[in-house]
>>> print(open('run-v4.txt').read())   # compact mmCIF, C-alpha atoms
# COMPACT_ATOMS: atom_id res chain seq x y z
CA TYR A 1 165.69 -71.13 -0.98
CA ILE A 2 164.58 -70.80 -4.59
CA LEU A 3 167.54 -70.09 -6.85
CA GLN A 4 167.38 -67.24 -9.37
CA GLY A 5 169.84 -65.92 -11.92
CA HIS A 6 169.67 -68.49 -14.74
CA GLU A 7 166.19 -67.55 -15.99
CA GLU A 8 164.62 -70.08 -13.63
CA ARG A 9 160.87 -70.26 -13.32
CA ALA A 10 159.65 -67.45 -11.10
CA ILE A 11 158.29 -68.18 -7.63
CA ALA A 12 155.72 -65.39 -8.00
CA ASP A 13 154.50 -66.54 -11.44
CA ASP A 14 150.90 -67.79 -11.24
CA LYS A 15 150.76 -68.91 -14.87
CA PRO A 16 150.55 -72.66 -15.60
CA LEU A 17 154.34 -73.17 -15.68
CA GLY A 18 155.00 -70.78 -12.79
CA TRP A 19 155.93 -71.72 -9.25
CA SER A 20 153.49 -69.63 -7.17
CA GLY A 21 151.50 -72.78 -6.33
CA ALA A 22 154.64 -74.50 -5.03
CA LYS A 23 155.42 -71.47 -2.89
CA ARG A 24 151.88 -71.48 -1.45
CA GLU A 25 152.21 -75.16 -0.54
CA LEU A 26 155.61 -74.62 1.08
CA ASP A 27 154.27 -71.60 2.98
CA SER A 28 151.26 -73.61 4.19
CA ALA A 29 153.64 -76.31 5.46
CA MET A 30 155.30 -73.58 7.55
CA TYR A 31 158.51 -73.33 5.52
CA ALA A 32 160.16 -69.93 5.18
CA VAL A 33 160.57 -69.56 1.42
CA GLU A 34 163.05 -67.03 0.08
CA THR A 35 164.66 -66.41 -3.25
CA LEU A 36 168.41 -66.69 -3.62
CA ASN A 37 170.50 -64.93 -6.21
CA TRP A 38 174.03 -66.01 -5.43
CA PHE A 39 175.35 -63.55 -7.98
CA LYS A 40 174.54 -61.05 -5.21
CA THR A 41 175.35 -63.16 -2.14
CA GLY A 42 178.17 -65.33 -3.51
CA GLU A 43 177.08 -68.33 -1.48
CA ILE A 44 174.34 -70.68 -0.37
CA PRO A 45 173.18 -69.48 3.07
CA ALA A 46 174.13 -71.68 6.02
CA ASP A 47 170.47 -71.89 7.09
CA ALA A 48 169.39 -73.47 3.77
CA ASP A 49 167.40 -76.64 4.45
CA LEU A 50 166.62 -77.09 0.76
CA LEU A 51 167.82 -75.40 -2.41
CA ILE A 52 165.30 -75.53 -5.27
CA ILE A 53 166.48 -74.92 -8.83
CA PRO A 54 163.20 -74.51 -10.79
CA GLY A 55 163.73 -74.99 -14.52
CA PRO A 56 166.82 -72.91 -15.37
CA ARG A 57 167.05 -71.84 -19.00
CA ASN A 58 170.74 -70.92 -18.83
CA ASP A 59 173.52 -73.28 -17.81
CA PHE A 60 175.66 -72.85 -14.71
CA GLN A 61 179.29 -71.72 -14.81
CA GLU A 62 182.06 -73.97 -13.47
CA ALA A 63 182.34 -72.01 -10.19
CA GLU A 64 178.59 -72.46 -9.66
CA ILE A 65 178.81 -76.18 -10.40
CA ASP A 66 181.61 -76.40 -7.81
CA ARG A 67 179.45 -74.48 -5.30
CA LEU A 68 176.47 -76.79 -5.88
CA GLY A 69 178.66 -79.89 -5.73
CA ASP A 70 180.24 -78.78 -2.44
CA TYR A 71 176.80 -78.02 -0.98
CA ILE A 72 175.49 -81.47 -1.92
CA GLU A 73 178.67 -83.27 -0.79
CA LYS A 74 178.37 -81.61 2.63
CA GLY A 75 174.85 -83.02 3.01
CA GLY A 76 172.86 -80.14 1.53
CA SER A 77 169.51 -80.98 -0.03
CA ALA A 78 168.65 -79.78 -3.50
CA ARG A 79 165.72 -80.25 -5.85
CA PHE A 80 166.26 -79.76 -9.55
CA THR A 81 163.53 -79.46 -12.14
CA LEU A 82 165.03 -79.40 -15.61
CA ASP A 83 162.98 -78.52 -18.64
CA PRO A 84 163.92 -79.99 -22.02
CA SER A 85 166.95 -77.88 -22.83
CA VAL A 86 170.69 -78.30 -23.09
CA LEU A 87 172.47 -77.56 -19.81
CA PRO A 88 175.71 -79.55 -20.14
CA ASN A 89 177.41 -78.34 -16.94
CA LEU A 90 174.39 -78.94 -14.73
CA GLU A 91 173.68 -82.28 -16.39
CA ARG A 92 177.33 -83.31 -15.88
CA LEU A 93 177.06 -82.53 -12.15
CA LEU A 94 173.85 -84.55 -11.81
CA GLY A 95 175.26 -87.26 -14.08
CA ALA A 96 177.94 -87.99 -11.46
CA TYR A 97 175.05 -88.93 -9.14
CA GLY A 98 173.55 -91.25 -11.77
CA PHE A 99 170.99 -89.06 -13.57
CA ILE A 100 170.99 -89.33 -17.36
CA PHE A 101 168.83 -86.76 -19.13
CA TYR A 102 167.37 -87.15 -22.60
CA GLU A 103 166.67 -84.40 -25.09
CA ASP A 104 162.99 -85.12 -25.50
CA ILE A 105 159.55 -84.17 -24.31
CA ILE A 106 157.16 -86.72 -22.87
CA LEU A 107 153.87 -86.75 -24.75
CA ASP A 108 150.85 -88.31 -23.13
CA PRO A 109 147.59 -88.96 -25.03
CA LEU A 110 145.87 -89.81 -21.73
CA SER A 111 146.43 -86.25 -20.56
CA GLN A 112 144.94 -84.99 -23.80
CA GLN A 113 141.85 -87.15 -23.23
CA MET A 114 141.51 -85.47 -19.83
CA GLY A 115 141.54 -82.01 -21.42
CA PHE A 116 145.23 -81.19 -20.95
CA ASP A 117 147.83 -80.45 -23.57
CA PRO A 118 149.55 -83.67 -24.76
CA MET A 119 152.83 -82.18 -23.42
CA VAL A 120 151.51 -82.73 -19.88
CA ALA A 121 152.79 -86.07 -18.63
CA SER A 122 150.49 -87.86 -16.23
CA VAL A 123 151.52 -90.22 -13.46
CA SER A 124 149.12 -92.47 -11.60
CA SER A 125 151.42 -95.23 -10.38
CA TYR A 126 154.09 -94.54 -7.82
CA GLU A 127 157.05 -96.56 -6.64
CA SER A 128 157.56 -97.55 -3.01
CA HIS A 129 159.28 -94.40 -1.75
CA PRO A 130 158.76 -92.12 1.29
CA VAL A 131 158.09 -89.12 -0.98
CA THR A 132 155.15 -90.79 -2.73
CA LYS A 133 153.94 -93.30 -0.14
CA ASP A 134 150.62 -91.47 0.46
CA PHE A 135 149.93 -90.46 -3.14
CA ARG A 136 146.58 -91.80 -4.32
CA ALA A 137 145.69 -89.34 -7.08
CA ALA A 138 147.21 -88.68 -10.46
CA THR A 139 149.81 -85.95 -10.76
CA PHE A 140 150.64 -83.96 -13.88
CA TYR A 141 153.92 -82.60 -15.18
CA PRO A 142 153.86 -80.01 -17.96
CA VAL A 143 156.75 -80.11 -20.42
CA ALA A 144 158.45 -83.09 -18.78
CA ARG A 145 161.49 -84.86 -20.13
CA SER A 146 162.57 -88.41 -19.61
CA LEU A 147 165.51 -89.48 -17.53
CA GLU A 148 167.29 -92.67 -16.71
CA LEU A 149 168.86 -93.68 -13.41
CA LYS A 150 172.36 -95.12 -13.51
CA TYR A 151 172.52 -97.13 -10.30
CA SER A 152 176.27 -97.60 -10.55
CA ASN A 153 177.55 -94.01 -10.42
CA SER A 154 180.77 -92.23 -9.46
CA LYS A 155 179.23 -90.64 -6.33
CA LYS A 156 177.86 -93.99 -5.15
CA ALA A 157 174.48 -92.30 -4.75
CA GLU A 158 171.56 -94.54 -3.90
CA LEU A 159 168.84 -93.86 -6.46
CA LYS A 160 165.18 -94.76 -6.14
CA PRO A 161 162.55 -93.94 -8.75
CA ILE A 162 159.41 -92.38 -7.34
CA ALA A 163 157.01 -92.43 -10.29
CA ARG A 164 156.59 -93.41 -13.92
CA THR A 165 154.48 -91.96 -16.66
CA THR A 166 151.57 -93.92 -18.09
CA THR A 167 152.16 -96.72 -20.57
CA GLN A 168 150.44 -94.63 -23.27
CA SER A 169 153.04 -91.85 -23.05
CA TRP A 170 156.15 -91.70 -25.18
CA SER A 171 159.40 -89.83 -25.42
CA GLU A 172 159.33 -87.54 -28.47
CA THR A 173 162.86 -86.81 -29.63
CA ASP A 174 161.84 -84.96 -32.80
CA LEU A 175 161.15 -81.65 -31.06
CA LYS A 176 160.53 -79.91 -34.40
CA SER A 177 157.58 -82.25 -34.98
CA ILE A 178 156.01 -80.89 -31.78
CA GLU A 179 156.51 -77.31 -32.95
CA ASP A 180 154.87 -78.29 -36.26
CA GLY A 181 151.89 -79.78 -34.39
CA ALA A 182 152.47 -83.31 -35.70
CA PRO A 183 154.55 -85.31 -33.22
>>> encode(input="run-v4.txt", output="structure tokens")
Amino acid sequence: YILQGHEERAIADDKPLGWSGAKRELDSAMYAVETLNWFKTGEIPADADLLIIPGPRNDFQEAEIDRLGDYIEKGGSARFTLDPSVLPNLERLLGAYGFIFYEDIILDPLSQQMGFDPMVASVSSYESHPVTKDFRAATFYPVARSLELKYSNSKKAELKPIARTTTQSWSETDLKSIEDGAP
């Protein structure tokens, strides 16, 4: 299920920051992909194998945080993609599992040399992890933010990094400088 209702990225959007490509890939892997607006349903369906939260622009309310937390605690799988924005409730939930988010944008001059915008972070080295074990090519992440893993966390979650940006990239915390075109 792809969550909607917090101005998340649209699954039908075929623009560069849209999620239509992700939906095509999930469809081709024989997954049934549906949108979920729990403001209409009031719950996460029992048949949810994975809940994807694609770049919400609005934070979650306490009842929604409780719903997400219960889903995860009961073994539910969720994937969060968080753009550089302030989402204190959602970040607090994920912080309990050891994720620390920074208010920055990763800038990557290597991406710019390859014809991309410098706000596209490139990754070409992957950690030893089942998700990335067969990755051999570079992957690119538009408008990425940095995060830190806190291995000692209140949920006792086991954290494993899967990838790192290139050594040429940096975390730009002066977001106004990006808007001004001079990071």
>>> residues_around(input="run-v4.txt", residues="Ile11 (chain A)", least_positions_apart="6", cutoff="10 Å", atoms="only C-alpha atoms", output="PDB file with C-alpha atoms, in the coordinates of the input")
ATOM      1  CA  ILE A   2     164.580 -70.800  -4.590  1.00  0.00           C
ATOM      2  CA  LEU A   3     167.540 -70.090  -6.850  1.00  0.00           C
ATOM      3  CA  GLN A   4     167.380 -67.240  -9.370  1.00  0.00           C
ATOM      4  CA  GLY A  18     155.000 -70.780 -12.790  1.00  0.00           C
ATOM      5  CA  TRP A  19     155.930 -71.720  -9.250  1.00  0.00           C
ATOM      6  CA  SER A  20     153.490 -69.630  -7.170  1.00  0.00           C
ATOM      7  CA  GLY A  21     151.500 -72.780  -6.330  1.00  0.00           C
ATOM      8  CA  ALA A  22     154.640 -74.500  -5.030  1.00  0.00           C
ATOM      9  CA  LYS A  23     155.420 -71.470  -2.890  1.00  0.00           C
ATOM     10  CA  ARG A  24     151.880 -71.480  -1.450  1.00  0.00           C
ATOM     11  CA  VAL A  33     160.570 -69.560   1.420  1.00  0.00           C
ATOM     12  CA  GLU A  34     163.050 -67.030   0.080  1.00  0.00           C
ATOM     13  CA  THR A  35     164.660 -66.410  -3.250  1.00  0.00           C
ATOM     14  CA  PRO A  54     163.200 -74.510 -10.790  1.00  0.00           C
TER      15      PRO A  54
END
>>> residues_around(input="run-v4.txt", residues="Ser169 (chain A)", least_positions_apart="2", cutoff="7 Å", atoms="only C-alpha atoms", output="ChimeraX atom specification")
/A:106-109,165-167
>>> atom_distance(input="run-v4.txt", atom1="CA of Ser28 (chain A)", atom2="CA of Leu50 (chain A)")
16.1 Å
>>> residues_near_point(input="run-v4.txt", point="(170.4, -65.4, -4.9)", cutoff="12 Å", atoms="only C-alpha atoms", output="CSV table (one decimal) with C-alpha atoms, in the coordinates of the input")
chain,number,residue,atom,x,y,z
A,1,TYR,CA,165.7,-71.1,-1.0
A,2,ILE,CA,164.6,-70.8,-4.6
A,3,LEU,CA,167.5,-70.1,-6.8
A,4,GLN,CA,167.4,-67.2,-9.4
A,5,GLY,CA,169.8,-65.9,-11.9
A,6,HIS,CA,169.7,-68.5,-14.7
A,8,GLU,CA,164.6,-70.1,-13.6
A,34,GLU,CA,163.0,-67.0,0.1
A,35,THR,CA,164.7,-66.4,-3.2
A,36,LEU,CA,168.4,-66.7,-3.6
A,37,ASN,CA,170.5,-64.9,-6.2
A,38,TRP,CA,174.0,-66.0,-5.4
A,39,PHE,CA,175.4,-63.6,-8.0
A,40,LYS,CA,174.5,-61.0,-5.2
A,41,THR,CA,175.4,-63.2,-2.1
A,42,GLY,CA,178.2,-65.3,-3.5
A,43,GLU,CA,177.1,-68.3,-1.5
A,44,ILE,CA,174.3,-70.7,-0.4
A,45,PRO,CA,173.2,-69.5,3.1
A,48,ALA,CA,169.4,-73.5,3.8
A,51,LEU,CA,167.8,-75.4,-2.4
A,52,ILE,CA,165.3,-75.5,-5.3
A,53,ILE,CA,166.5,-74.9,-8.8
A,64,GLU,CA,178.6,-72.5,-9.7
>>> closest_residue(input="run-v4.txt", among="A:Ser146, A:Ser177, A:Ser85, A:Ser122", to="Leu110 (chain A)", atoms="all atoms listed in the file")
A:Ser122
>>> closest_residue(input="run-v4.txt", among="A:Pro84, A:Ile105, A:Gln112, A:Leu159", to="Arg57 (chain A)", atoms="all atoms listed in the file")
A:Pro84
>>> atom_distance(input="run-v4.txt", atom1="CA of Lys133 (chain A)", atom2="CA of Ile162 (chain A)")
9.1 Å
>>> atom_distance(input="run-v4.txt", atom1="CA of Arg92 (chain A)", atom2="CA of Glu158 (chain A)")
17.4 Å
>>> closest_residue(input="run-v4.txt", among="A:Tyr102, A:Tyr97, A:Phe80, A:Tyr126", to="Ser171 (chain A)", atoms="only C-alpha atoms")
A:Tyr102
>>> closest_residue(input="run-v4.txt", among="A:Phe101, A:Phe116, A:Phe60, A:Phe135", to="Pro16 (chain A)", atoms="only C-alpha atoms")
A:Phe116
>>> closest_residue(input="run-v4.txt", among="A:Val86, A:Arg9, A:Asp104, A:Gln61", to="Lys176 (chain A)", atoms="only C-alpha atoms")
A:Asp104
>>> residues_around(input="run-v4.txt", residues="Ile100 (chain A)", least_positions_apart="5", cutoff="10 Å", atoms="all atoms listed in the file", output="ChimeraX atom specification")
/A:91-92,94-95,146-150
>>> closest_residue(input="run-v4.txt", among="A:Glu25, A:Asp49, A:Asp180, A:Asp117", to="Arg79 (chain A)", atoms="only C-alpha atoms")
A:Asp49
